[in-house]
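data_28.csv (CSV, C-alpha atoms) appears below.
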```csv
chain,number,residue,atom,x,y,z
A,1,MET,CA,-15.8,8.5,27.3
A,2,ASP,CA,-13.1,8.8,30.0
A,3,SER,CA,-9.8,7.3,29.2
A,4,LYS,CA,-9.7,5.6,32.6
A,5,GLN,CA,-13.0,3.9,31.7
A,6,PHE,CA,-11.7,2.4,28.4
A,7,SER,CA,-11.4,-1.3,29.0
A,8,LEU,CA,-11.1,-4.6,27.2
A,9,SER,CA,-14.8,-4.6,26.7
A,10,ASN,CA,-14.5,-1.8,24.2
A,11,HIS,CA,-14.4,-2.5,20.5
A,12,VAL,CA,-12.0,-0.7,18.1
A,13,ALA,CA,-12.3,-0.2,14.4
A,14,ILE,CA,-9.6,-0.1,11.7
A,15,LEU,CA,-10.9,1.5,8.5
A,16,GLY,CA,-8.7,0.2,5.7
A,17,ALA,CA,-7.4,-3.3,5.4
A,18,GLY,CA,-4.1,-2.7,3.6
A,19,LYS,CA,-0.8,-3.9,4.9
A,20,PHE,CA,-0.4,-1.2,7.5
A,21,GLY,CA,-4.1,-1.2,8.6
A,22,THR,CA,-4.0,-4.9,9.1
A,23,ALA,CA,-0.7,-4.7,11.0
A,24,VAL,CA,-2.3,-2.1,13.3
A,25,ALA,CA,-5.3,-4.3,13.8
A,26,ASN,CA,-3.2,-7.1,15.0
A,27,LEU,CA,-1.3,-4.8,17.3
A,28,ILE,CA,-4.5,-3.5,18.9
A,29,ALA,CA,-6.1,-7.0,19.1
A,30,ALA,CA,-3.8,-8.0,21.9
A,31,ASN,CA,-5.2,-5.2,24.1
A,32,VAL,CA,-9.0,-5.4,23.5
A,33,ASN,CA,-11.8,-7.9,23.2
A,34,GLN,CA,-12.6,-7.3,19.5
A,35,VAL,CA,-11.2,-5.4,16.6
A,36,TRP,CA,-13.3,-4.7,13.5
A,37,LEU,CA,-11.2,-4.5,10.3
A,38,TYR,CA,-13.2,-2.7,7.6
A,39,THR,CA,-12.7,-3.1,3.8
A,40,HIS,CA,-15.2,-1.7,1.4
A,41,LYS,CA,-15.0,-4.9,-0.8
A,42,ALA,CA,-17.6,-7.5,0.4
A,43,ALA,CA,-15.8,-10.4,-1.4
A,44,ARG,CA,-12.5,-9.4,0.2
A,45,ALA,CA,-14.1,-9.2,3.7
A,46,ALA,CA,-15.7,-12.6,3.3
A,47,ALA,CA,-12.5,-14.2,2.0
A,48,GLY,CA,-10.5,-12.7,4.9
A,49,GLN,CA,-13.0,-14.0,7.5
A,50,ILE,CA,-12.7,-17.5,6.0
A,51,SER,CA,-9.0,-17.6,5.4
A,52,ARG,CA,-8.2,-15.6,8.6
A,53,THR,CA,-5.6,-13.6,6.6
A,54,MET,CA,-5.6,-10.1,5.2
A,55,ALA,CA,-2.9,-8.3,3.2
A,56,ALA,CA,-0.8,-11.6,3.5
A,57,GLN,CA,-0.9,-11.4,7.3
A,58,PRO,CA,-2.5,-13.9,9.6
A,59,LEU,CA,-5.3,-12.3,11.7
A,60,ALA,CA,-5.6,-12.5,15.5
A,61,ALA,CA,-8.6,-14.6,16.6
A,62,ASN,CA,-10.5,-11.6,17.8
A,63,ILE,CA,-10.4,-9.6,14.6
A,64,VAL,CA,-13.6,-9.4,12.5
A,65,VAL,CA,-13.2,-8.5,8.9
A,66,THR,CA,-16.3,-6.8,7.5
A,67,ASP,CA,-17.7,-4.5,4.9
A,68,ASP,CA,-20.5,-3.3,7.1
A,69,LEU,CA,-19.4,0.2,7.9
A,70,VAL,CA,-22.6,1.2,9.8
A,71,THR,CA,-22.3,-1.7,12.3
A,72,VAL,CA,-18.6,-1.0,12.8
A,73,LEU,CA,-19.2,2.7,13.6
A,74,ARG,CA,-22.0,2.0,16.0
A,75,ALA,CA,-20.0,-0.6,17.9
A,76,CYS,CA,-16.7,1.2,18.2
A,77,PRO,CA,-16.0,4.4,20.2
A,78,VAL,CA,-12.4,4.5,18.8
A,79,ILE,CA,-11.6,4.3,15.0
A,80,PHE,CA,-8.3,4.3,13.1
A,81,PRO,CA,-8.8,5.4,9.5
A,82,ILE,CA,-5.9,4.1,7.5
A,83,VAL,CA,-6.6,4.7,3.8
A,84,PRO,CA,-4.8,6.5,1.1
A,85,ALA,CA,-5.0,10.3,1.3
A,86,VAL,CA,-6.8,10.5,-2.0
A,87,LYS,CA,-9.7,8.4,-0.5
A,88,PHE,CA,-9.6,9.9,3.0
A,89,ARG,CA,-12.0,12.9,2.5
A,90,GLY,CA,-14.5,10.7,0.7
A,91,LEU,CA,-14.4,8.2,3.6
A,92,MET,CA,-14.9,10.9,6.2
A,93,GLN,CA,-17.9,12.3,4.2
A,94,GLU,CA,-19.4,8.8,4.0
A,95,ILE,CA,-19.1,8.1,7.8
A,96,ALA,CA,-19.8,11.6,9.1
A,97,VAL,CA,-23.5,11.0,9.7
A,98,HIS,CA,-22.6,8.0,12.0
A,99,LEU,CA,-19.9,9.7,14.0
A,100,ARG,CA,-20.5,11.5,17.3
A,101,PRO,CA,-18.4,14.3,18.9
A,102,ASP,CA,-17.2,11.9,21.5
A,103,HIS,CA,-15.8,9.4,19.0
A,104,ILE,CA,-12.0,9.1,19.1
A,105,CYS,CA,-10.4,9.2,15.6
A,106,ILE,CA,-6.7,8.4,15.2
A,107,HIS,CA,-5.6,8.3,11.6
A,108,GLY,CA,-2.6,6.6,10.1
A,109,THR,CA,-2.5,8.2,6.7
A,110,LYS,CA,0.8,9.9,5.6
A,111,GLY,CA,-0.4,12.2,2.9
A,112,LEU,CA,-2.1,15.5,2.1
A,113,ASP,CA,-5.6,16.2,0.8
A,114,LEU,CA,-5.5,18.5,-2.2
A,115,ALA,CA,-8.6,20.6,-3.1
A,116,ARG,CA,-9.5,21.3,-6.6
A,117,HIS,CA,-8.2,24.7,-7.6
A,118,ASP,CA,-7.5,27.0,-10.5
A,119,GLY,CA,-4.3,28.9,-10.8
A,120,VAL,CA,-1.6,29.1,-8.0
A,121,LEU,CA,-1.6,26.5,-5.3
A,122,THR,CA,-1.6,27.9,-1.8
A,123,ARG,CA,-1.7,26.4,1.7
A,124,SER,CA,-5.4,26.9,1.8
A,125,HIS,CA,-5.8,24.2,-0.9
A,126,LEU,CA,-4.0,21.6,1.3
A,127,ALA,CA,-5.3,19.8,4.4
A,128,THR,CA,-3.7,17.2,6.6
A,129,MET,CA,-5.9,14.3,7.5
A,130,SER,CA,-6.7,15.7,11.0
A,131,GLU,CA,-7.8,18.9,9.2
A,132,VAL,CA,-10.0,16.8,6.9
A,133,ILE,CA,-11.6,15.1,9.9
A,134,MET,CA,-12.4,18.4,11.5
A,135,GLN,CA,-13.8,19.8,8.3
A,136,GLU,CA,-16.0,16.8,7.5
A,137,THR,CA,-17.2,15.4,10.9
A,138,THR,CA,-18.3,16.5,14.3
A,139,VAL,CA,-15.5,14.5,16.0
A,140,GLN,CA,-13.6,16.5,18.6
A,141,GLN,CA,-11.0,13.9,19.8
A,142,ILE,CA,-8.6,13.7,16.9
A,143,GLY,CA,-5.1,12.3,16.6
A,144,CYS,CA,-2.6,10.6,14.3
A,145,LEU,CA,-0.3,7.6,14.4
A,146,ALA,CA,3.1,8.1,12.9
A,147,GLY,CA,6.7,6.8,13.1
A,148,PRO,CA,9.1,4.2,11.7
A,149,ASN,CA,6.4,1.5,11.4
A,150,LEU,CA,7.0,-0.6,8.3
A,151,SER,CA,4.3,-3.2,8.3
A,152,GLY,CA,6.5,-6.1,7.5
A,153,ASP,CA,8.6,-5.4,10.6
A,154,LEU,CA,5.5,-5.0,12.7
A,155,VAL,CA,4.3,-8.4,11.6
A,156,LYS,CA,7.7,-9.9,12.8
A,157,ARG,CA,7.3,-8.0,16.1
A,158,ASP,CA,10.7,-6.4,15.8
A,159,PRO,CA,11.3,-3.9,18.6
A,160,ALA,CA,9.9,-0.5,17.4
A,161,VAL,CA,8.5,2.8,18.4
A,162,THR,CA,5.6,5.0,17.3
A,163,VAL,CA,4.1,8.4,18.1
A,164,ILE,CA,0.5,9.2,18.9
A,165,ALA,CA,-0.1,12.9,18.4
A,166,SER,CA,-3.1,15.0,19.6
A,167,SER,CA,-4.0,18.1,21.4
A,168,ALA,CA,-6.3,16.0,23.6
A,169,GLU,CA,-4.9,14.1,26.6
A,170,LYS,CA,-7.7,11.5,26.2
A,171,VAL,CA,-6.5,10.6,22.7
A,172,LEU,CA,-2.9,10.3,23.8
A,173,SER,CA,-3.9,8.1,26.8
A,174,ILE,CA,-6.2,5.7,24.9
A,175,GLY,CA,-3.9,5.5,21.9
A,176,LYS,CA,-1.0,4.5,24.1
A,177,GLN,CA,-3.2,1.9,25.9
A,178,LEU,CA,-4.4,0.4,22.7
A,179,LEU,CA,-1.0,0.1,20.9
A,180,THR,CA,1.6,-0.6,23.6
A,181,GLN,CA,3.3,-4.0,23.6
A,182,ASN,CA,6.4,-5.3,25.4
A,183,TRP,CA,8.2,-4.8,22.1
A,184,PHE,CA,6.4,-1.7,20.8
A,185,ARG,CA,6.7,1.6,22.5
A,186,VAL,CA,4.2,4.5,22.1
A,187,TYR,CA,5.3,8.1,22.7
A,188,PRO,CA,2.9,11.0,23.0
A,189,SER,CA,3.1,14.4,21.2
A,190,HIS,CA,0.9,17.4,21.6
A,191,ASP,CA,2.1,18.9,18.3
A,192,LEU,CA,-0.3,17.1,15.9
A,193,LEU,CA,0.6,19.3,12.8
A,194,SER,CA,4.3,18.8,13.3
A,195,VAL,CA,4.0,15.1,13.5
A,196,GLU,CA,1.6,14.9,10.5
A,197,MET,CA,3.9,17.0,8.3
A,198,CYS,CA,7.0,15.0,9.2
A,199,SER,CA,5.2,11.8,8.1
A,200,VAL,CA,4.1,13.5,4.9
A,201,LEU,CA,7.4,15.1,3.9
A,202,LYS,CA,9.7,12.1,4.4
A,203,ASN,CA,8.0,10.4,1.5
A,204,ILE,CA,9.6,12.9,-0.9
A,205,PHE,CA,13.1,11.9,0.3
A,206,ALA,CA,12.3,8.2,0.3
A,207,ILE,CA,11.9,8.5,-3.5
A,208,GLY,CA,15.3,10.1,-3.7
A,209,ALA,CA,16.9,7.5,-1.5
A,210,GLY,CA,15.6,4.8,-3.8
A,211,MET,CA,17.0,6.5,-6.8
A,212,LEU,CA,20.5,6.7,-5.2
A,213,GLN,CA,20.4,3.0,-4.3
A,214,GLY,CA,19.2,2.1,-7.8
A,215,MET,CA,22.1,4.0,-9.2
A,216,GLY,CA,24.5,1.9,-7.0
A,217,TYR,CA,25.5,4.5,-4.5
A,218,GLN,CA,26.4,3.3,-1.0
A,219,CYS,CA,26.6,4.5,2.6
A,220,ASN,CA,28.6,7.7,2.2
A,221,THR,CA,26.2,9.1,-0.4
A,222,TYR,CA,23.2,7.8,1.6
A,223,ALA,CA,24.4,9.7,4.7
A,224,PHE,CA,25.1,12.8,2.7
A,225,PHE,CA,21.5,12.6,1.2
A,226,LEU,CA,19.9,12.0,4.6
A,227,THR,CA,21.7,15.0,6.1
A,228,MET,CA,20.4,17.3,3.4
A,229,SER,CA,16.9,15.7,3.6
A,230,ILE,CA,16.3,16.3,7.3
A,231,SER,CA,17.6,19.8,6.9
A,232,GLU,CA,15.3,20.4,3.9
A,233,MET,CA,12.3,19.0,5.9
A,234,HIS,CA,13.2,21.6,8.6
A,235,TYR,CA,13.4,24.4,6.1
A,236,ILE,CA,10.1,23.5,4.4
A,237,MET,CA,8.2,23.2,7.7
A,238,THR,CA,9.6,26.5,8.9
A,239,SER,CA,8.7,28.2,5.7
A,240,MET,CA,5.1,26.9,6.1
A,241,GLY,CA,4.9,28.2,9.6
A,242,ILE,CA,4.8,24.7,11.1
A,243,GLY,CA,6.6,23.8,14.3
A,244,THR,CA,9.5,21.4,14.1
A,245,THR,CA,9.2,19.8,17.5
A,246,ALA,CA,8.6,16.3,15.9
A,247,LEU,CA,11.5,16.6,13.4
A,248,PHE,CA,14.2,14.8,15.4
A,249,GLY,CA,11.9,12.2,17.0
A,250,PRO,CA,10.4,8.9,15.8
A,251,ALA,CA,7.9,10.6,13.4
A,252,GLY,CA,10.6,12.8,11.8
A,253,LEU,CA,14.1,11.5,11.7
A,254,GLY,CA,13.1,8.0,12.8
A,255,ASP,CA,10.5,7.6,9.9
A,256,LEU,CA,12.9,9.2,7.5
A,257,VAL,CA,15.7,6.8,8.2
A,258,ALA,CA,13.4,3.7,8.1
A,259,THR,CA,11.6,4.8,4.9
A,260,CYS,CA,14.7,5.9,3.0
A,261,GLY,CA,16.5,2.6,3.9
A,262,SER,CA,13.9,0.0,3.2
A,263,THR,CA,13.1,-1.9,0.0
A,264,ALA,CA,9.7,-2.5,1.6
A,265,SER,CA,8.9,1.3,1.3
A,266,ARG,CA,6.6,2.0,-1.6
A,267,ASN,CA,8.1,5.5,-2.2
A,268,TYR,CA,11.7,4.1,-2.0
A,269,THR,CA,10.6,1.5,-4.6
A,270,ILE,CA,9.4,4.1,-7.0
A,271,GLY,CA,12.8,5.8,-6.9
A,272,TYR,CA,14.7,2.5,-7.3
A,273,ARG,CA,12.6,1.4,-10.3
A,274,LEU,CA,13.1,4.8,-11.9
A,275,ALA,CA,16.8,4.4,-11.5
A,276,LYS,CA,16.6,1.0,-13.2
A,277,GLY,CA,15.0,2.6,-16.3
A,278,GLU,CA,11.3,2.2,-15.8
A,279,THR,CA,8.9,5.2,-16.4
A,280,LEU,CA,6.9,6.7,-13.7
A,281,SER,CA,3.6,5.9,-15.5
A,282,ALA,CA,4.6,2.2,-15.8
A,283,ILE,CA,5.6,2.1,-12.1
A,284,LEU,CA,2.3,3.6,-10.9
A,285,HIS,CA,0.3,1.4,-13.2
A,286,THR,CA,1.8,-1.8,-11.7
A,287,ALA,CA,1.9,-0.7,-8.1
A,288,LYS,CA,-0.3,-2.7,-5.8
A,289,GLU,CA,-0.6,0.1,-3.2
A,290,VAL,CA,-0.7,3.9,-3.3
A,291,SER,CA,2.6,5.8,-2.9
A,292,GLU,CA,1.8,9.1,-1.3
A,293,GLY,CA,5.2,10.6,-2.2
A,294,VAL,CA,4.5,11.3,-5.9
A,295,GLN,CA,1.7,13.8,-5.2
A,296,THR,CA,3.6,15.2,-2.2
A,297,VAL,CA,6.6,16.1,-4.4
A,298,LYS,CA,4.3,18.0,-6.8
A,299,VAL,CA,2.4,19.8,-4.1
A,300,ILE,CA,5.4,20.8,-2.0
A,301,HIS,CA,7.4,21.9,-5.0
A,302,GLN,CA,4.6,24.2,-6.1
A,303,LEU,CA,4.1,25.6,-2.6
A,304,MET,CA,7.8,26.3,-2.2
A,305,GLN,CA,7.7,28.2,-5.5
A,306,LEU,CA,4.9,30.3,-4.2
A,307,TYR,CA,7.0,31.1,-1.1
A,308,SER,CA,10.1,31.8,-3.2
A,309,VAL,CA,11.9,29.2,-1.0
A,310,GLU,CA,14.7,27.0,-2.2
A,311,ALA,CA,14.1,23.3,-1.6
A,312,PRO,CA,16.7,21.7,-3.9
A,313,ILE,CA,16.1,18.0,-3.3
A,314,THR,CA,12.3,18.4,-3.7
A,315,ARG,CA,12.9,20.5,-6.9
A,316,LEU,CA,15.2,17.9,-8.4
A,317,ILE,CA,12.9,15.0,-7.6
A,318,TYR,CA,10.1,16.9,-9.1
A,319,ARG,CA,12.1,17.5,-12.3
A,320,ILE,CA,13.0,13.8,-12.5
A,321,LEU,CA,9.4,12.7,-12.0
A,322,PHE,CA,7.6,15.2,-14.1
A,323,GLU,CA,10.1,16.8,-16.5
A,324,GLU,CA,12.1,13.7,-17.4
A,325,LEU,CA,15.4,15.1,-16.0
A,326,PRO,CA,18.0,12.3,-16.4
A,327,LEU,CA,19.0,10.9,-13.0
A,328,LYS,CA,22.7,11.4,-13.5
A,329,THR,CA,22.1,15.1,-14.3
A,330,GLY,CA,19.9,15.3,-11.2
A,331,LEU,CA,22.6,13.9,-9.0
A,332,ALA,CA,25.2,16.4,-10.4
A,333,ASP,CA,22.7,19.2,-9.7
A,334,PHE,CA,22.1,17.8,-6.2
A,335,ILE,CA,25.8,18.0,-5.4
A,336,ARG,CA,26.1,21.5,-6.7
A,337,ALA,CA,23.0,22.6,-4.8
A,338,SER,CA,24.5,21.3,-1.5
A,339,GLU,CA,27.3,23.9,-1.8
A,340,SER,CA,24.8,26.8,-1.4
A,341,ALA,CA,22.1,25.1,0.7
A,342,ALA,CA,21.7,27.8,3.4
A,343,TYR,CA,19.5,25.5,5.5
A,344,LEU,CA,22.5,23.2,6.2
A,345,LEU,CA,23.8,25.9,8.5
A,346,MET,CA,20.7,25.7,10.8
```
Using structure tokens, write down the structure that the file contains.
Amino acid sequence: MDSKQFSLSNHVAILGAGKFGTAVANLIAANVNQVWLYTHKAARAAAGQISRTMAAQPLAANIVVTDDLVTVLRACPVIFPIVPAVKFRGLMQEIAVHLRPDHICIHGTKGLDLARHDGVLTRSHLATMSEVIMQETTVQQIGCLAGPNLSGDLVKRDPAVTVIASSAEKVLSIGKQLLTQNWFRVYPSHDLLSVEMCSVLKNIFAIGAGMLQGMGYQCNTYAFFLTMSISEMHYIMTSMGIGTTALFGPAGLGDLVATCGSTASRNYTIGYRLAKGETLSAILHTAKEVSEGVQTVKVIHQLMQLYSVEAPITRLIYRILFEELPLKTGLADFIRASESAAYLLM
């Protein structure tokens, strides 16, 4: 399928009808004849079709909500999988038989796939979502959607920007064509892995930002924390051998600022609720949507230990989440760590 031949007659699929998936469906609906919004729950699909709402968002008239995955994949040459990372590989395995090499797959999942393993965690046990697509399907045209794109702001059509990342020009061209609005700008990136890792890592620091806000700290502390956070992201990516071209763009700094500063952020909310005295298990039990940051903290902390690399914010958040380190003690440790954080001199 040539990008120049992609037209309004083409159908597009969104696999995952959560808040972000539904917001993306409404974005794309303005540029094509029909969008298929898939949910695996038949009752939810039927209710959405009748009410013309999904995830508390009104649906554009040309969005069809369905649980018929086979029909969706046969009808749509372009698909946007937007499901939690823990469910992503299973979804790819389920749909692999229905996908062709010329399908275009642009994911919007900001997490990592973790393989079962015994002993020490290594990079080989981790996969980004684009790597999962390559491992489980024959699709050759792969990309990701990332940036400061909180779903509530997208619903209000507040001016915003996003990134489509791919090594394939066709993916970049079609992604931009599908998503661009007069209030929504789409920038291309050829560094898929850099964009994906930025969107993954910022979730760690959103948890920390929520903790600080919950403890009552204001702008000076927030700025101090963000400065160390973007530096630590750089240090982690460099240690993993991943390029940092996306770090100071919308998918890196942009998404970090948005996610660390919004009460609508699921990861920020976890940190805030912890600071108010709730336990992690209670927070996760009552959460309505998956927060990718908790697993990311655990994974990156273990990986940095393997590399013998200091990542002080990640380490402190890990200790607060999983070792019951008191938040006030953690903050004091954070301030002390900043005195010797070599990566701040980058």
Pick from A:Pro84, A:Gly243, A:Gly271, A:Gly293 nearest to Gly210 of chain A, counting all atoms listed in the file:
A:Gly271
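From atom CA of Thr296 of chain A back to atom CA of Val86 of chain A, the distance works out to 11.4 Å.
In this comparison, which uses all atoms listed in the file, the residue of A:Val155, A:Val294, A:Leu91, A:Ile79 approaching Gln141 of chain A most closely is A:Ile79.
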Would you please work out which residue, of A:Ala311, A:Lys288, A:Ile204, A:Asn182, is nearest to Val161 of chain A when using only C-alpha atoms?
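Counting only C-alpha atoms, the residue closest to Val161 of chain A is A:Asn182.
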Exercise: Arg89 of chain A partners within 10 Å, only C-alpha atoms, chain neighbours under 5 positions left out, as a PyMOL selection string
chain A and resi 83-84+94+113-114+127+129+131-133+135-136
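Minimum atom-to-atom distances from A:Ile242, A:Met237, A:Cys260, A:Leu145 to Leu179 of chain A were compared using only C-alpha atoms, and the lowest value belongs to A:Leu145.
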Interatomic distance, atom CA of Ala165 of chain A to atom CA of Leu247 of chain A (Å, one decimal):
13.2 Å
Please compute the atom CA of Ile317 of chain A-atom CA of Asp191 of chain A distance, one decimal, in Å.
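Atom CA of Asp191 of chain A lies at a distance of 28.3 Å from atom CA of Ile317 of chain A.
Nearest residue to Met92 of chain A, choosing from A:Met134, A:Leu331, A:Met54, A:Leu212 and counting all atoms listed in the file: A:Met134.
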Minimum-distance residue to Leu154 of chain A, chosen among A:Lys19, A:Arg52, A:Arg116, A:His107 (using all atoms listed in the file):
A:Lys19
Shell around Glu169 of chain A at 12 Å using only C-alpha atoms, local window under 3 positions removed, as a PDB file with C-alpha atoms, in the frame of the given file:
```
ATOM      1  CA  ASP A   2     -13.100   8.800  30.000  1.00  0.00           C
ATOM      2  CA  SER A   3      -9.800   7.300  29.200  1.00  0.00           C
ATOM      3  CA  LYS A   4      -9.700   5.600  32.600  1.00  0.00           C
ATOM      4  CA  ILE A 104     -12.000   9.100  19.100  1.00  0.00           C
ATOM      5  CA  GLN A 141     -11.000  13.900  19.800  1.00  0.00           C
ATOM      6  CA  ILE A 142      -8.600  13.700  16.900  1.00  0.00           C
ATOM      7  CA  GLY A 143      -5.100  12.300  16.600  1.00  0.00           C
ATOM      8  CA  ILE A 164       0.500   9.200  18.900  1.00  0.00           C
ATOM      9  CA  ALA A 165      -0.100  12.900  18.400  1.00  0.00           C
ATOM     10  CA  SER A 166      -3.100  15.000  19.600  1.00  0.00           C
ATOM     11  CA  LEU A 172      -2.900  10.300  23.800  1.00  0.00           C
ATOM     12  CA  SER A 173      -3.900   8.100  26.800  1.00  0.00           C
ATOM     13  CA  ILE A 174      -6.200   5.700  24.900  1.00  0.00           C
ATOM     14  CA  GLY A 175      -3.900   5.500  21.900  1.00  0.00           C
ATOM     15  CA  LYS A 176      -1.000   4.500  24.100  1.00  0.00           C
ATOM     16  CA  PRO A 188       2.900  11.000  23.000  1.00  0.00           C
ATOM     17  CA  SER A 189       3.100  14.400  21.200  1.00  0.00           C
ATOM     18  CA  HIS A 190       0.900  17.400  21.600  1.00  0.00           C
ATOM     19  CA  ASP A 191       2.100  18.900  18.300  1.00  0.00           C
TER      20      ASP A 191
END
```
Need to verify the contact set: Ala45 of chain A, 12 Å, all atoms listed in the file, exclusion of same-chain residues closer than 4 positions in sequence. Can you return it as a JSON list (two decimals) with C-alpha atoms, keeping the file's coordinate frame?
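What landed in selection17.json:
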```json
[["chain", "number", "residue", "atom", "x", "y", "z"],
["A", 16, "GLY", "CA", -8.70, 0.20, 5.70],
["A", 17, "ALA", "CA", -7.40, -3.30, 5.40],
["A", 18, "GLY", "CA", -4.10, -2.70, 3.60],
["A", 36, "TRP", "CA", -13.30, -4.70, 13.50],
["A", 37, "LEU", "CA", -11.20, -4.50, 10.30],
["A", 38, "TYR", "CA", -13.20, -2.70, 7.60],
["A", 39, "THR", "CA", -12.70, -3.10, 3.80],
["A", 40, "HIS", "CA", -15.20, -1.70, 1.40],
["A", 41, "LYS", "CA", -15.00, -4.90, -0.80],
["A", 49, "GLN", "CA", -13.00, -14.00, 7.50],
["A", 50, "ILE", "CA", -12.70, -17.50, 6.00],
["A", 51, "SER", "CA", -9.00, -17.60, 5.40],
["A", 52, "ARG", "CA", -8.20, -15.60, 8.60],
["A", 53, "THR", "CA", -5.60, -13.60, 6.60],
["A", 54, "MET", "CA", -5.60, -10.10, 5.20],
["A", 55, "ALA", "CA", -2.90, -8.30, 3.20],
["A", 63, "ILE", "CA", -10.40, -9.60, 14.60],
["A", 64, "VAL", "CA", -13.60, -9.40, 12.50],
["A", 65, "VAL", "CA", -13.20, -8.50, 8.90],
["A", 66, "THR", "CA", -16.30, -6.80, 7.50],
["A", 67, "ASP", "CA", -17.70, -4.50, 4.90],
["A", 68, "ASP", "CA", -20.50, -3.30, 7.10],
["A", 69, "LEU", "CA", -19.40, 0.20, 7.90]]
```
Which residues, written as a list in words, have at least one atom at most 6 Å from Val195 of chain A, with only C-alpha atoms counted and residues fewer than 3 positions away on the same chain left out?
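The contact residues come out as Leu192, Cys198, Ala246 and Ala251 of chain A.
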Segment 150-161 of chain A from the block above: N, CA, C and O atoms written as a short mmCIF file (atom, residue, chain, number, x, y, z; two decimals), in the first residue's frame:
```cif
data_model
loop_
_atom_site.label_atom_id
_atom_site.label_comp_id
_atom_site.auth_asym_id
_atom_site.auth_seq_id
_atom_site.Cartn_x
_atom_site.Cartn_y
_atom_site.Cartn_z
N LEU A 150 -2.22 13.54 26.94
CA LEU A 150 -3.20 13.14 27.94
C LEU A 150 -4.58 13.12 27.31
O LEU A 150 -4.98 14.09 26.64
N SER A 151 -5.30 12.04 27.52
CA SER A 151 -6.55 11.84 26.78
C SER A 151 -7.58 12.92 27.07
O SER A 151 -8.31 13.34 26.17
N GLY A 152 -7.65 13.39 28.31
CA GLY A 152 -8.63 14.43 28.64
C GLY A 152 -8.41 15.71 27.86
O GLY A 152 -9.36 16.37 27.43
N ASP A 153 -7.14 16.07 27.66
CA ASP A 153 -6.81 17.27 26.89
C ASP A 153 -7.10 17.07 25.41
O ASP A 153 -7.50 18.01 24.70
N LEU A 154 -6.90 15.84 24.91
CA LEU A 154 -7.23 15.54 23.51
C LEU A 154 -8.73 15.67 23.28
O LEU A 154 -9.16 16.17 22.23
N VAL A 155 -9.51 15.24 24.24
CA VAL A 155 -10.97 15.35 24.12
C VAL A 155 -11.39 16.81 24.00
O VAL A 155 -12.28 17.16 23.22
N LYS A 156 -10.72 17.68 24.76
CA LYS A 156 -11.04 19.11 24.72
C LYS A 156 -10.45 19.82 23.50
O LYS A 156 -10.72 21.00 23.28
N ARG A 157 -9.62 19.11 22.73
CA ARG A 157 -8.96 19.65 21.56
C ARG A 157 -8.04 20.83 21.89
O ARG A 157 -7.92 21.80 21.13
N ASP A 158 -7.39 20.72 23.03
CA ASP A 158 -6.36 21.71 23.37
C ASP A 158 -5.18 21.53 22.42
O ASP A 158 -4.82 20.40 22.09
N PRO A 159 -4.56 22.63 21.97
CA PRO A 159 -3.42 22.51 21.06
C PRO A 159 -2.35 21.57 21.62
O PRO A 159 -1.98 21.66 22.79
N ALA A 160 -1.87 20.68 20.77
CA ALA A 160 -0.93 19.65 21.25
C ALA A 160 -0.08 19.13 20.11
O ALA A 160 -0.31 19.45 18.93
N VAL A 161 0.89 18.31 20.47
CA VAL A 161 1.83 17.73 19.51
C VAL A 161 2.04 16.28 19.86
O VAL A 161 1.89 15.87 21.02
#
```
